[in-house]
$ cat final_28.pdb   # PDB, N, CA and C atoms and all ligand atoms
ATOM      1  N   MET A   1     -16.141   3.199   4.410
ATOM      2  CA  MET A   1     -15.932   2.770   5.776
ATOM      3  C   MET A   1     -14.581   2.065   5.893
ATOM      4  N   GLU A   2     -13.850   2.414   6.947
ATOM      5  CA  GLU A   2     -12.534   1.818   7.151
ATOM      6  C   GLU A   2     -12.646   0.507   7.910
ATOM      7  N   ASN A   3     -11.752  -0.394   7.589
ATOM      8  CA  ASN A   3     -11.705  -1.688   8.242
ATOM      9  C   ASN A   3     -10.478  -1.730   9.151
ATOM     10  N   ARG A   4     -10.641  -1.243  10.396
ATOM     11  CA  ARG A   4      -9.523  -1.179  11.338
ATOM     12  C   ARG A   4      -9.970  -1.679  12.710
ATOM     13  N   VAL A   5      -8.998  -2.174  13.475
ATOM     14  CA  VAL A   5      -9.255  -2.524  14.869
ATOM     15  C   VAL A   5      -8.962  -1.276  15.692
ATOM     16  N   GLU A   6      -9.991  -0.631  16.192
ATOM     17  CA  GLU A   6      -9.821   0.638  16.916
ATOM     18  C   GLU A   6      -9.648   0.422  18.411
ATOM     19  N   ASN A   7     -10.239  -0.648  18.926
ATOM     20  CA  ASN A   7     -10.171  -0.906  20.365
ATOM     21  C   ASN A   7      -9.824  -2.381  20.573
ATOM     22  N   HIS A   8      -8.523  -2.660  20.623
ATOM     23  CA  HIS A   8      -8.042  -4.034  20.723
ATOM     24  C   HIS A   8      -8.222  -4.567  22.143
ATOM     25  N   VAL A   9      -8.574  -5.841  22.270
ATOM     26  CA  VAL A   9      -8.824  -6.454  23.570
ATOM     27  C   VAL A   9      -7.600  -6.349  24.479
ATOM     28  N   VAL A  10      -6.404  -6.548  23.927
ATOM     29  CA  VAL A  10      -5.183  -6.518  24.738
ATOM     30  C   VAL A  10      -4.502  -5.145  24.674
ATOM     31  N   LEU A  11      -4.426  -4.569  23.487
ATOM     32  CA  LEU A  11      -3.679  -3.319  23.310
ATOM     33  C   LEU A  11      -4.478  -2.075  23.666
ATOM     34  N   GLY A  12      -5.793  -2.206  23.733
ATOM     35  CA  GLY A  12      -6.627  -1.069  24.115
ATOM     36  C   GLY A  12      -6.914  -0.130  22.959
ATOM     37  N   MET A  13      -7.286   1.115  23.310
ATOM     38  CA  MET A  13      -7.654   2.115  22.308
ATOM     39  C   MET A  13      -6.410   2.618  21.590
ATOM     40  N   GLU A  14      -6.583   2.905  20.299
ATOM     41  CA  GLU A  14      -5.497   3.483  19.526
ATOM     42  C   GLU A  14      -5.437   4.983  19.767
ATOM     43  N   PRO A  15      -4.245   5.543  19.962
ATOM     44  CA  PRO A  15      -4.171   6.999  20.137
ATOM     45  C   PRO A  15      -4.536   7.710  18.836
ATOM     46  N   PRO A  16      -5.031   8.954  18.917
ATOM     47  CA  PRO A  16      -5.370   9.683  17.689
ATOM     48  C   PRO A  16      -4.138   9.900  16.821
ATOM     49  N   GLN A  17      -4.319   9.815  15.496
ATOM     50  CA  GLN A  17      -3.196   9.970  14.568
ATOM     51  C   GLN A  17      -3.567  10.961  13.486
ATOM     52  N   ASN A  18      -2.550  11.591  12.917
ATOM     53  CA  ASN A  18      -2.772  12.549  11.825
ATOM     54  C   ASN A  18      -3.261  11.829  10.587
ATOM     55  N   LEU A  19      -4.334  12.336  10.013
ATOM     56  CA  LEU A  19      -4.824  11.793   8.756
ATOM     57  C   LEU A  19      -4.252  12.608   7.608
ATOM     58  N   VAL A  20      -3.836  11.906   6.562
ATOM     59  CA  VAL A  20      -3.316  12.567   5.369
ATOM     60  C   VAL A  20      -4.010  11.963   4.153
ATOM     61  N   GLU A  21      -3.881  12.636   3.034
ATOM     62  CA  GLU A  21      -4.491  12.107   1.818
ATOM     63  C   GLU A  21      -3.401  11.600   0.883
ATOM     64  N   ILE A  22      -3.624  10.409   0.336
ATOM     65  CA  ILE A  22      -2.751   9.848  -0.687
ATOM     66  C   ILE A  22      -3.629   9.515  -1.891
ATOM     67  N   THR A  23      -3.000   9.251  -3.013
ATOM     68  CA  THR A  23      -3.758   8.902  -4.218
ATOM     69  C   THR A  23      -3.428   7.464  -4.595
ATOM     70  N   VAL A  24      -4.452   6.647  -4.751
ATOM     71  CA  VAL A  24      -4.262   5.244  -5.113
ATOM     72  C   VAL A  24      -5.017   4.986  -6.413
ATOM     73  N   ASP A  25      -4.273   4.681  -7.466
ATOM     74  CA  ASP A  25      -4.858   4.455  -8.789
ATOM     75  C   ASP A  25      -5.810   5.591  -9.173
ATOM     76  N   GLY A  26      -5.368   6.801  -8.893
ATOM     77  CA  GLY A  26      -6.111   7.986  -9.305
ATOM     78  C   GLY A  26      -7.207   8.431  -8.362
ATOM     79  N   LYS A  27      -7.426   7.672  -7.279
ATOM     80  CA  LYS A  27      -8.506   8.032  -6.351
ATOM     81  C   LYS A  27      -7.927   8.502  -5.022
ATOM     82  N   PRO A  28      -8.523   9.512  -4.406
ATOM     83  CA  PRO A  28      -8.028   9.974  -3.105
ATOM     84  C   PRO A  28      -8.372   8.965  -2.008
ATOM     85  N   VAL A  29      -7.397   8.710  -1.134
ATOM     86  CA  VAL A  29      -7.587   7.774  -0.018
ATOM     87  C   VAL A  29      -7.038   8.436   1.244
ATOM     88  N   ARG A  30      -7.800   8.355   2.335
ATOM     89  CA  ARG A  30      -7.302   8.882   3.604
ATOM     90  C   ARG A  30      -6.503   7.803   4.306
ATOM     91  N   ALA A  31      -5.358   8.200   4.848
ATOM     92  CA  ALA A  31      -4.476   7.263   5.548
ATOM     93  C   ALA A  31      -3.925   7.934   6.784
ATOM     94  N   ARG A  32      -3.356   7.149   7.651
ATOM     95  CA  ARG A  32      -2.733   7.679   8.854
ATOM     96  C   ARG A  32      -1.255   7.902   8.566
ATOM     97  N   GLU A  33      -0.796   9.098   8.829
ATOM     98  CA  GLU A  33       0.594   9.434   8.549
ATOM     99  C   GLU A  33       1.510   8.469   9.294
ATOM    100  N   GLY A  34       2.474   7.878   8.591
ATOM    101  CA  GLY A  34       3.455   6.998   9.214
ATOM    102  C   GLY A  34       3.077   5.526   9.223
ATOM    103  N   GLU A  35       1.795   5.212   9.027
ATOM    104  CA  GLU A  35       1.459   3.788   8.956
ATOM    105  C   GLU A  35       1.999   3.234   7.639
ATOM    106  N   LYS A  36       2.127   1.932   7.544
ATOM    107  CA  LYS A  36       2.621   1.342   6.299
ATOM    108  C   LYS A  36       1.547   1.491   5.220
ATOM    109  N   ILE A  37       2.018   1.708   4.000
ATOM    110  CA  ILE A  37       1.090   1.882   2.879
ATOM    111  C   ILE A  37       0.130   0.706   2.808
ATOM    112  N   LEU A  38       0.659  -0.510   2.959
ATOM    113  CA  LEU A  38      -0.175  -1.714   2.862
ATOM    114  C   LEU A  38      -1.307  -1.689   3.892
ATOM    115  N   ALA A  39      -1.024  -1.243   5.107
ATOM    116  CA  ALA A  39      -2.048  -1.165   6.147
ATOM    117  C   ALA A  39      -3.133  -0.171   5.750
ATOM    118  N   ALA A  40      -2.723   0.953   5.188
ATOM    119  CA  ALA A  40      -3.702   1.955   4.757
ATOM    120  C   ALA A  40      -4.596   1.401   3.659
ATOM    121  N   LEU A  41      -4.011   0.642   2.738
ATOM    122  CA  LEU A  41      -4.794   0.081   1.639
ATOM    123  C   LEU A  41      -5.746  -1.002   2.150
ATOM    124  N   LEU A  42      -5.264  -1.849   3.034
ATOM    125  CA  LEU A  42      -6.124  -2.903   3.585
ATOM    126  C   LEU A  42      -7.308  -2.297   4.343
ATOM    127  N   ALA A  43      -7.056  -1.198   5.046
ATOM    128  CA  ALA A  43      -8.138  -0.538   5.788
ATOM    129  C   ALA A  43      -9.230  -0.033   4.856
ATOM    130  N   GLN A  44      -8.855   0.203   3.600
ATOM    131  CA  GLN A  44      -9.827   0.674   2.602
ATOM    132  C   GLN A  44     -10.372  -0.472   1.757
ATOM    133  N   GLY A  45      -9.978  -1.703   2.072
ATOM    134  CA  GLY A  45     -10.479  -2.857   1.327
ATOM    135  C   GLY A  45      -9.722  -3.128   0.040
ATOM    136  N   ILE A  46      -8.560  -2.491  -0.129
ATOM    137  CA  ILE A  46      -7.758  -2.707  -1.336
ATOM    138  C   ILE A  46      -6.783  -3.847  -1.047
ATOM    139  N   ILE A  47      -6.945  -4.986  -1.727
ATOM    140  CA  ILE A  47      -6.137  -6.159  -1.400
ATOM    141  C   ILE A  47      -5.193  -6.592  -2.514
ATOM    142  N   VAL A  48      -5.337  -6.043  -3.695
ATOM    143  CA  VAL A  48      -4.425  -6.386  -4.797
ATOM    144  C   VAL A  48      -3.421  -5.252  -4.960
ATOM    145  N   ASN A  49      -2.133  -5.618  -4.885
ATOM    146  CA  ASN A  49      -1.079  -4.620  -5.006
ATOM    147  C   ASN A  49      -0.391  -4.676  -6.368
ATOM    148  N   ARG A  50      -0.295  -5.873  -6.921
ATOM    149  CA  ARG A  50       0.390  -6.001  -8.209
ATOM    150  C   ARG A  50      -0.156  -7.203  -8.967
ATOM    151  N   TYR A  51       0.192  -7.254 -10.266
ATOM    152  CA  TYR A  51      -0.128  -8.404 -11.108
ATOM    153  C   TYR A  51       1.189  -8.976 -11.623
ATOM    154  N   THR A  52       1.301 -10.303 -11.623
ATOM    155  CA  THR A  52       2.566 -10.955 -11.957
ATOM    156  C   THR A  52       2.958 -10.734 -13.416
ATOM    157  N   VAL A  53       4.254 -10.901 -13.678
ATOM    158  CA  VAL A  53       4.809 -10.642 -15.005
ATOM    159  C   VAL A  53       4.270 -11.639 -16.035
ATOM    160  N   LYS A  54       4.367 -12.941 -15.748
ATOM    161  CA  LYS A  54       4.055 -13.961 -16.760
ATOM    162  C   LYS A  54       2.562 -14.202 -16.950
ATOM    163  N   ARG A  55       1.836 -14.381 -15.858
ATOM    164  CA  ARG A  55       0.431 -14.784 -15.975
ATOM    165  C   ARG A  55      -0.565 -13.678 -15.643
ATOM    166  N   GLY A  56      -0.065 -12.554 -15.175
ATOM    167  CA  GLY A  56      -0.964 -11.457 -14.826
ATOM    168  C   GLY A  56      -1.845 -11.777 -13.638
ATOM    169  N   GLU A  57      -1.353 -12.630 -12.738
ATOM    170  CA  GLU A  57      -2.141 -13.014 -11.560
ATOM    171  C   GLU A  57      -2.014 -11.961 -10.460
ATOM    172  N   PRO A  58      -3.083 -11.740  -9.699
ATOM    173  CA  PRO A  58      -3.042 -10.728  -8.638
ATOM    174  C   PRO A  58      -2.231 -11.206  -7.443
ATOM    175  N   ARG A  59      -1.535 -10.257  -6.806
ATOM    176  CA  ARG A  59      -0.779 -10.533  -5.593
ATOM    177  C   ARG A  59      -1.059  -9.429  -4.576
ATOM    178  N   GLY A  60      -0.984  -9.805  -3.299
ATOM    179  CA  GLY A  60      -1.176  -8.833  -2.221
ATOM    180  C   GLY A  60      -0.420  -9.303  -0.999
ATOM    181  N   LEU A  61      -0.857  -8.870   0.164
ATOM    182  CA  LEU A  61      -0.175  -9.207   1.413
ATOM    183  C   LEU A  61       0.109 -10.705   1.507
ATOM    184  N   PHE A  62       1.386 -11.033   1.756
ATOM    185  CA  PHE A  62       1.755 -12.427   1.987
ATOM    186  C   PHE A  62       2.587 -12.511   3.259
ATOM    187  N   CYS A  63       3.797 -11.966   3.249
ATOM    188  CA  CYS A  63       4.639 -12.081   4.445
ATOM    189  C   CYS A  63       4.453 -10.900   5.409
ATOM    190  N   GLY A  64       4.275  -9.725   4.872
ATOM    191  CA  GLY A  64       4.095  -8.539   5.708
ATOM    192  C   GLY A  64       5.362  -8.054   6.387
ATOM    193  N   ILE A  65       6.515  -8.616   6.016
ATOM    194  CA  ILE A  65       7.779  -8.221   6.652
ATOM    195  C   ILE A  65       8.870  -7.907   5.633
ATOM    196  N   GLY A  66       8.490  -7.588   4.411
ATOM    197  CA  GLY A  66       9.461  -7.137   3.426
ATOM    198  C   GLY A  66      10.290  -8.216   2.764
ATOM    199  N   GLN A  67       9.838  -9.460   2.774
ATOM    200  CA  GLN A  67      10.652 -10.548   2.238
ATOM    201  C   GLN A  67      10.160 -11.125   0.911
ATOM    202  N   CYS A  68       8.889 -10.965   0.570
ATOM    203  CA  CYS A  68       8.357 -11.725  -0.571
ATOM    204  C   CYS A  68       8.115 -10.896  -1.844
ATOM    205  N   THR A  69       7.986  -9.616  -1.747
ATOM    206  CA  THR A  69       7.683  -8.672  -2.844
ATOM    207  C   THR A  69       6.259  -8.789  -3.399
ATOM    208  N   ASP A  70       5.392  -9.555  -2.770
ATOM    209  CA  ASP A  70       4.022  -9.644  -3.280
ATOM    210  C   ASP A  70       3.244  -8.343  -3.112
ATOM    211  N   CYS A  71       3.715  -7.464  -2.238
ATOM    212  CA  CYS A  71       3.008  -6.202  -2.001
ATOM    213  C   CYS A  71       3.584  -5.059  -2.820
ATOM    214  N   ALA A  72       4.500  -5.357  -3.757
ATOM    215  CA  ALA A  72       5.179  -4.296  -4.511
ATOM    216  C   ALA A  72       4.190  -3.472  -5.332
ATOM    217  N   MET A  73       4.388  -2.161  -5.290
ATOM    218  CA  MET A  73       3.562  -1.239  -6.073
ATOM    219  C   MET A  73       4.452  -0.138  -6.633
ATOM    220  N   VAL A  74       3.865   0.676  -7.485
ATOM    221  CA  VAL A  74       4.576   1.846  -8.002
ATOM    222  C   VAL A  74       4.239   3.014  -7.076
ATOM    223  N   VAL A  75       5.253   3.560  -6.405
ATOM    224  CA  VAL A  75       5.042   4.640  -5.437
ATOM    225  C   VAL A  75       5.811   5.868  -5.905
ATOM    226  N   ASP A  76       5.087   6.933  -6.120
ATOM    227  CA  ASP A  76       5.677   8.188  -6.620
ATOM    228  C   ASP A  76       6.549   7.925  -7.846
ATOM    229  N   GLY A  77       6.058   7.069  -8.738
ATOM    230  CA  GLY A  77       6.745   6.798  -9.991
ATOM    231  C   GLY A  77       7.837   5.757  -9.916
ATOM    232  N   LYS A  78       8.098   5.213  -8.733
ATOM    233  CA  LYS A  78       9.157   4.214  -8.567
ATOM    234  C   LYS A  78       8.532   2.824  -8.418
ATOM    235  N   PRO A  79       8.818   1.881  -9.332
ATOM    236  CA  PRO A  79       8.235   0.539  -9.235
ATOM    237  C   PRO A  79       8.922  -0.310  -8.174
ATOM    238  N   ASN A  80       8.275  -1.412  -7.828
ATOM    239  CA  ASN A  80       8.826  -2.429  -6.925
ATOM    240  C   ASN A  80       9.052  -1.927  -5.498
ATOM    241  N   VAL A  81       8.223  -1.008  -5.041
ATOM    242  CA  VAL A  81       8.311  -0.531  -3.660
ATOM    243  C   VAL A  81       7.499  -1.478  -2.781
ATOM    244  N   ARG A  82       8.128  -2.032  -1.760
ATOM    245  CA  ARG A  82       7.431  -2.942  -0.842
ATOM    246  C   ARG A  82       6.551  -2.120   0.092
ATOM    247  N   THR A  83       5.258  -2.198  -0.145
ATOM    248  CA  THR A  83       4.339  -1.333   0.597
ATOM    249  C   THR A  83       4.153  -1.759   2.041
ATOM    250  N   CYS A  84       4.527  -2.991   2.373
ATOM    251  CA  CYS A  84       4.410  -3.422   3.774
ATOM    252  C   CYS A  84       5.525  -2.834   4.634
ATOM    253  N   MET A  85       6.525  -2.233   3.995
ATOM    254  CA  MET A  85       7.665  -1.673   4.720
ATOM    255  C   MET A  85       7.770  -0.161   4.564
ATOM    256  N   THR A  86       6.918   0.431   3.763
ATOM    257  CA  THR A  86       7.064   1.846   3.414
ATOM    258  C   THR A  86       5.992   2.684   4.096
ATOM    259  N   PRO A  87       6.400   3.660   4.916
ATOM    260  CA  PRO A  87       5.408   4.481   5.620
ATOM    261  C   PRO A  87       4.712   5.490   4.702
ATOM    262  N   VAL A  88       3.485   5.797   5.065
ATOM    263  CA  VAL A  88       2.674   6.774   4.331
ATOM    264  C   VAL A  88       3.190   8.190   4.597
ATOM    265  N   ARG A  89       3.270   8.975   3.536
ATOM    266  CA  ARG A  89       3.522  10.408   3.622
ATOM    267  C   ARG A  89       2.399  11.118   2.883
ATOM    268  N   ALA A  90       2.077  12.293   3.305
ATOM    269  CA  ALA A  90       1.025  13.073   2.651
ATOM    270  C   ALA A  90       1.363  13.271   1.179
ATOM    271  N   GLY A  91       0.367  13.099   0.327
ATOM    272  CA  GLY A  91       0.529  13.387  -1.090
ATOM    273  C   GLY A  91       1.137  12.280  -1.925
ATOM    274  N   MET A  92       1.417  11.131  -1.326
ATOM    275  CA  MET A  92       1.992  10.024  -2.099
ATOM    276  C   MET A  92       1.056   9.614  -3.227
ATOM    277  N   VAL A  93       1.656   9.229  -4.356
ATOM    278  CA  VAL A  93       0.871   8.720  -5.479
ATOM    279  C   VAL A  93       1.238   7.250  -5.654
ATOM    280  N   ILE A  94       0.268   6.385  -5.478
ATOM    281  CA  ILE A  94       0.490   4.944  -5.466
ATOM    282  C   ILE A  94      -0.333   4.301  -6.577
ATOM    283  N   GLU A  95       0.314   3.406  -7.309
ATOM    284  CA  GLU A  95      -0.375   2.739  -8.422
ATOM    285  C   GLU A  95      -0.189   1.234  -8.329
ATOM    286  N   THR A  96      -1.227   0.495  -8.694
ATOM    287  CA  THR A  96      -1.109  -0.948  -8.815
ATOM    288  C   THR A  96      -0.037  -1.244  -9.854
ATOM    289  N   GLN A  97       0.843  -2.207  -9.536
ATOM    290  CA  GLN A  97       1.936  -2.526 -10.452
ATOM    291  C   GLN A  97       1.538  -3.682 -11.373
ATOM    292  N   HIS A  98       1.757  -3.473 -12.660
ATOM    293  CA  HIS A  98       1.496  -4.517 -13.656
ATOM    294  C   HIS A  98       2.843  -5.010 -14.168
ATOM    295  N   GLY A  99       3.119  -6.298 -13.984
ATOM    296  CA  GLY A  99       4.408  -6.852 -14.402
ATOM    297  C   GLY A  99       5.545  -6.216 -13.629
ATOM    298  N   LEU A 100       6.554  -5.782 -14.357
ATOM    299  CA  LEU A 100       7.729  -5.182 -13.714
ATOM    300  C   LEU A 100       7.495  -3.740 -13.312
ATOM    301  N   GLY A 101       6.390  -3.174 -13.762
ATOM    302  CA  GLY A 101       6.090  -1.790 -13.415
ATOM    303  C   GLY A 101       6.851  -0.823 -14.297
ATOM    304  N   ARG A 102       6.341   0.372 -14.362
ATOM    305  CA  ARG A 102       6.998   1.410 -15.162
ATOM    306  C   ARG A 102       7.351   2.567 -14.254
ATOM    307  N   ARG A 103       8.514   3.128 -14.524
ATOM    308  CA  ARG A 103       8.920   4.328 -13.803
ATOM    309  C   ARG A 103       8.125   5.509 -14.342
ATOM    310  N   ALA A 104       8.149   6.612 -13.620
ATOM    311  CA  ALA A 104       7.425   7.808 -14.033
ATOM    312  C   ALA A 104       7.872   8.283 -15.408
ATOM    313  N   ASN A 105       9.122   7.982 -15.797
ATOM    314  CA  ASN A 105       9.609   8.423 -17.105
ATOM    315  C   ASN A 105       9.286   7.423 -18.219
ATOM    316  N   GLY A 106       8.505   6.364 -17.909
ATOM    317  CA  GLY A 106       8.053   5.426 -18.926
ATOM    318  C   GLY A 106       8.941   4.224 -19.131
ATOM    319  N   THR A 107      10.113   4.155 -18.447
ATOM    320  CA  THR A 107      10.992   3.004 -18.602
ATOM    321  C   THR A 107      10.627   1.932 -17.586
ATOM    322  N   GLU A 108      11.032   0.698 -17.883
ATOM    323  CA  GLU A 108      10.791  -0.397 -16.934
ATOM    324  C   GLU A 108      12.023  -0.691 -16.144
TER     325      GLU A 108
HETATM  326  S1  LIG B 201       4.011  -8.632   1.875
HETATM  327 FE1  LIG B 201       5.889  -9.650   1.519
HETATM  328  S2  LIG B 201       7.284  -8.037   1.039
HETATM  329 FE2  LIG B 201       5.450  -7.022   1.572
END

$ encode --input "final_28.pdb" --output "structure tokens" --more "lines below"
Ligand code: FES
Amino acid sequence: MENRVENHVVLGMEPPQNLVEITVDGKPVRAREGEKILAALLAQGIIVNRYTVKRGEPRGLFCGIGQCTDCAMVVDGKPNVRTCMTPVRAGMVIETQHGLGRRANGTE
């Protein structure tokens, strides 16, 4: 079940949007094309985006405007992508980032 506001008191009903499939930590997730990755994950109840380098502590949405890097994840093999600023595209592969993250070629 998705956790979204479909009929806002002030903004009203949301117009229909294209649904696409992305992969998050190996699992298929339905998202709305063009919405921010972070919004798609929150709608699915996914709140941890990365674990810190030193203590391995979980981080997720903090500023929501691309300033803090707490939402950084590995997107299509590229680490440190701010998911609150990055729109969803069909077929994206998204992974929880551990520490500095690893690129698809295995380097940090
Ligand atoms: S939540 Fe702060 S950069 Fe994304």

$ closest_residue --input "final_28.pdb" --among "A:Met92, A:Ile65, A:Asn80, A:Ala43" --to "A:Glu2" --atoms "all atoms listed in the file"
A:Ala43

$ closest_residue --input "final_28.pdb" --among "A:Arg89, A:Arg50, A:Arg59, A:Lys78" --to "A:Glu33" --atoms "all atoms listed in the file"
A:Arg89

$ residues_around --input "final_28.pdb" --residues "A:Asp76" --least-positions-apart "3" --cutoff "7 Å" --atoms "all atoms listed in the file" --output "JSON, numbers by chain"
{"A": [79, 92, 93, 94, 95, 104]}

$ residues_near_ligand --input "final_28.pdb" --ligand "ligand LIG 201 (chain B)" --cutoff "6 Å" --atoms "all atoms listed in the file" --output "list in words"
Gly60, Leu61, Phe62, Cys63, Gly64, Ile65, Gly66, Gln67, Cys68, Thr69, Asp70, Cys71, Ala72, Arg82, Thr83, Cys84 and Met85 of chain A

$ write_last_selection --input "final_28.pdb" --atoms "N, CA and C atoms" --output "mmCIF file, keeping the file's coordinate frame"
data_model
loop_
_atom_site.group_PDB
_atom_site.id
_atom_site.type_symbol
_atom_site.label_atom_id
_atom_site.label_comp_id
_atom_site.auth_asym_id
_atom_site.auth_seq_id
_atom_site.Cartn_x
_atom_site.Cartn_y
_atom_site.Cartn_z
ATOM 1 N N GLY A 60 -0.984 -9.805 -3.299
ATOM 2 C CA GLY A 60 -1.176 -8.833 -2.221
ATOM 3 C C GLY A 60 -0.420 -9.303 -0.999
ATOM 4 N N LEU A 61 -0.857 -8.870 0.164
ATOM 5 C CA LEU A 61 -0.175 -9.207 1.413
ATOM 6 C C LEU A 61 0.109 -10.705 1.507
ATOM 7 N N PHE A 62 1.386 -11.033 1.756
ATOM 8 C CA PHE A 62 1.755 -12.427 1.987
ATOM 9 C C PHE A 62 2.587 -12.511 3.259
ATOM 10 N N CYS A 63 3.797 -11.966 3.249
ATOM 11 C CA CYS A 63 4.639 -12.081 4.445
ATOM 12 C C CYS A 63 4.453 -10.900 5.409
ATOM 13 N N GLY A 64 4.275 -9.725 4.872
ATOM 14 C CA GLY A 64 4.095 -8.539 5.708
ATOM 15 C C GLY A 64 5.362 -8.054 6.387
ATOM 16 N N ILE A 65 6.515 -8.616 6.016
ATOM 17 C CA ILE A 65 7.779 -8.221 6.652
ATOM 18 C C ILE A 65 8.870 -7.907 5.633
ATOM 19 N N GLY A 66 8.490 -7.588 4.411
ATOM 20 C CA GLY A 66 9.461 -7.137 3.426
ATOM 21 C C GLY A 66 10.290 -8.216 2.764
ATOM 22 N N GLN A 67 9.838 -9.460 2.774
ATOM 23 C CA GLN A 67 10.652 -10.548 2.238
ATOM 24 C C GLN A 67 10.160 -11.125 0.911
ATOM 25 N N CYS A 68 8.889 -10.965 0.570
ATOM 26 C CA CYS A 68 8.357 -11.725 -0.571
ATOM 27 C C CYS A 68 8.115 -10.896 -1.844
ATOM 28 N N THR A 69 7.986 -9.616 -1.747
ATOM 29 C CA THR A 69 7.683 -8.672 -2.844
ATOM 30 C C THR A 69 6.259 -8.789 -3.399
ATOM 31 N N ASP A 70 5.392 -9.555 -2.770
ATOM 32 C CA ASP A 70 4.022 -9.644 -3.280
ATOM 33 C C ASP A 70 3.244 -8.343 -3.112
ATOM 34 N N CYS A 71 3.715 -7.464 -2.238
ATOM 35 C CA CYS A 71 3.008 -6.202 -2.001
ATOM 36 C C CYS A 71 3.584 -5.059 -2.820
ATOM 37 N N ALA A 72 4.500 -5.357 -3.757
ATOM 38 C CA ALA A 72 5.179 -4.296 -4.511
ATOM 39 C C ALA A 72 4.190 -3.472 -5.332
ATOM 40 N N ARG A 82 8.128 -2.032 -1.760
ATOM 41 C CA ARG A 82 7.431 -2.942 -0.842
ATOM 42 C C ARG A 82 6.551 -2.120 0.092
ATOM 43 N N THR A 83 5.258 -2.198 -0.145
ATOM 44 C CA THR A 83 4.339 -1.333 0.597
ATOM 45 C C THR A 83 4.153 -1.759 2.041
ATOM 46 N N CYS A 84 4.527 -2.991 2.373
ATOM 47 C CA CYS A 84 4.410 -3.422 3.774
ATOM 48 C C CYS A 84 5.525 -2.834 4.634
ATOM 49 N N MET A 85 6.525 -2.233 3.995
ATOM 50 C CA MET A 85 7.665 -1.673 4.720
ATOM 51 C C MET A 85 7.770 -0.161 4.564
#

$ closest_residue --input "final_28.pdb" --among "A:Arg30, A:Pro15, A:Leu38, A:Gly45" --to "A:Asn3" --atoms "only C-alpha atoms"
A:Gly45

$ resolve_selection --input "final_28.pdb" --expression "the PyMOL selection byres (((chain A and resi 96 and name CA) around 8) and not hetatm and name CA)" --output "JSON, numbers by chain"
{"A": [24, 25, 48, 49, 50, 51, 73, 74, 94, 95, 97, 98]}

$ write_last_selection --input "final_28.pdb" --atoms "N, CA and C atoms" --output "short mmCIF file (atom, residue, chain, number, x, y, z; two decimals), in the frame of the given file"
data_model
loop_
_atom_site.label_atom_id
_atom_site.label_comp_id
_atom_site.auth_asym_id
_atom_site.auth_seq_id
_atom_site.Cartn_x
_atom_site.Cartn_y
_atom_site.Cartn_z
N VAL A 24 -4.45 6.65 -4.75
CA VAL A 24 -4.26 5.24 -5.11
C VAL A 24 -5.02 4.99 -6.41
N ASP A 25 -4.27 4.68 -7.47
CA ASP A 25 -4.86 4.46 -8.79
C ASP A 25 -5.81 5.59 -9.17
N VAL A 48 -5.34 -6.04 -3.70
CA VAL A 48 -4.42 -6.39 -4.80
C VAL A 48 -3.42 -5.25 -4.96
N ASN A 49 -2.13 -5.62 -4.88
CA ASN A 49 -1.08 -4.62 -5.01
C ASN A 49 -0.39 -4.68 -6.37
N ARG A 50 -0.30 -5.87 -6.92
CA ARG A 50 0.39 -6.00 -8.21
C ARG A 50 -0.16 -7.20 -8.97
N TYR A 51 0.19 -7.25 -10.27
CA TYR A 51 -0.13 -8.40 -11.11
C TYR A 51 1.19 -8.98 -11.62
N MET A 73 4.39 -2.16 -5.29
CA MET A 73 3.56 -1.24 -6.07
C MET A 73 4.45 -0.14 -6.63
N VAL A 74 3.86 0.68 -7.48
CA VAL A 74 4.58 1.85 -8.00
C VAL A 74 4.24 3.01 -7.08
N ILE A 94 0.27 6.38 -5.48
CA ILE A 94 0.49 4.94 -5.47
C ILE A 94 -0.33 4.30 -6.58
N GLU A 95 0.31 3.41 -7.31
CA GLU A 95 -0.38 2.74 -8.42
C GLU A 95 -0.19 1.23 -8.33
N GLN A 97 0.84 -2.21 -9.54
CA GLN A 97 1.94 -2.53 -10.45
C GLN A 97 1.54 -3.68 -11.37
N HIS A 98 1.76 -3.47 -12.66
CA HIS A 98 1.50 -4.52 -13.66
C HIS A 98 2.84 -5.01 -14.17
#

$ select_by_dssp --input "final_28.pdb" --residues "stretch 23-79 of chain A" --states "alpha helix (DSSP H)" --output "list in words"
Ile37, Leu38, Ala39, Ala40, Leu41, Leu42 and Ala43 of chain A

$ decode --input "final_28.pdb" --residues "stretch 9-21 of chain A" --atoms "C-alpha atoms" --output "short mmCIF file (atom, residue, chain, number, x, y, z; two decimals), in the first residue's frame"
data_model
loop_
_atom_site.label_atom_id
_atom_site.label_comp_id
_atom_site.auth_asym_id
_atom_site.auth_seq_id
_atom_site.Cartn_x
_atom_site.Cartn_y
_atom_site.Cartn_z
CA VAL A 9 -7.52 19.85 1.27
CA VAL A 10 -6.05 22.90 -0.52
CA LEU A 11 -4.47 21.47 -3.68
CA GLY A 12 -7.29 19.08 -4.52
CA MET A 13 -7.05 15.83 -6.48
CA GLU A 14 -3.76 14.82 -8.05
CA PRO A 15 -3.88 14.40 -11.83
CA PRO A 16 -3.19 10.88 -13.14
CA GLN A 17 0.52 10.16 -13.70
CA ASN A 18 2.49 7.52 -15.58
CA LEU A 19 3.59 4.67 -13.38
CA VAL A 20 7.00 3.14 -14.02
CA GLU A 21 8.98 0.40 -12.36
#
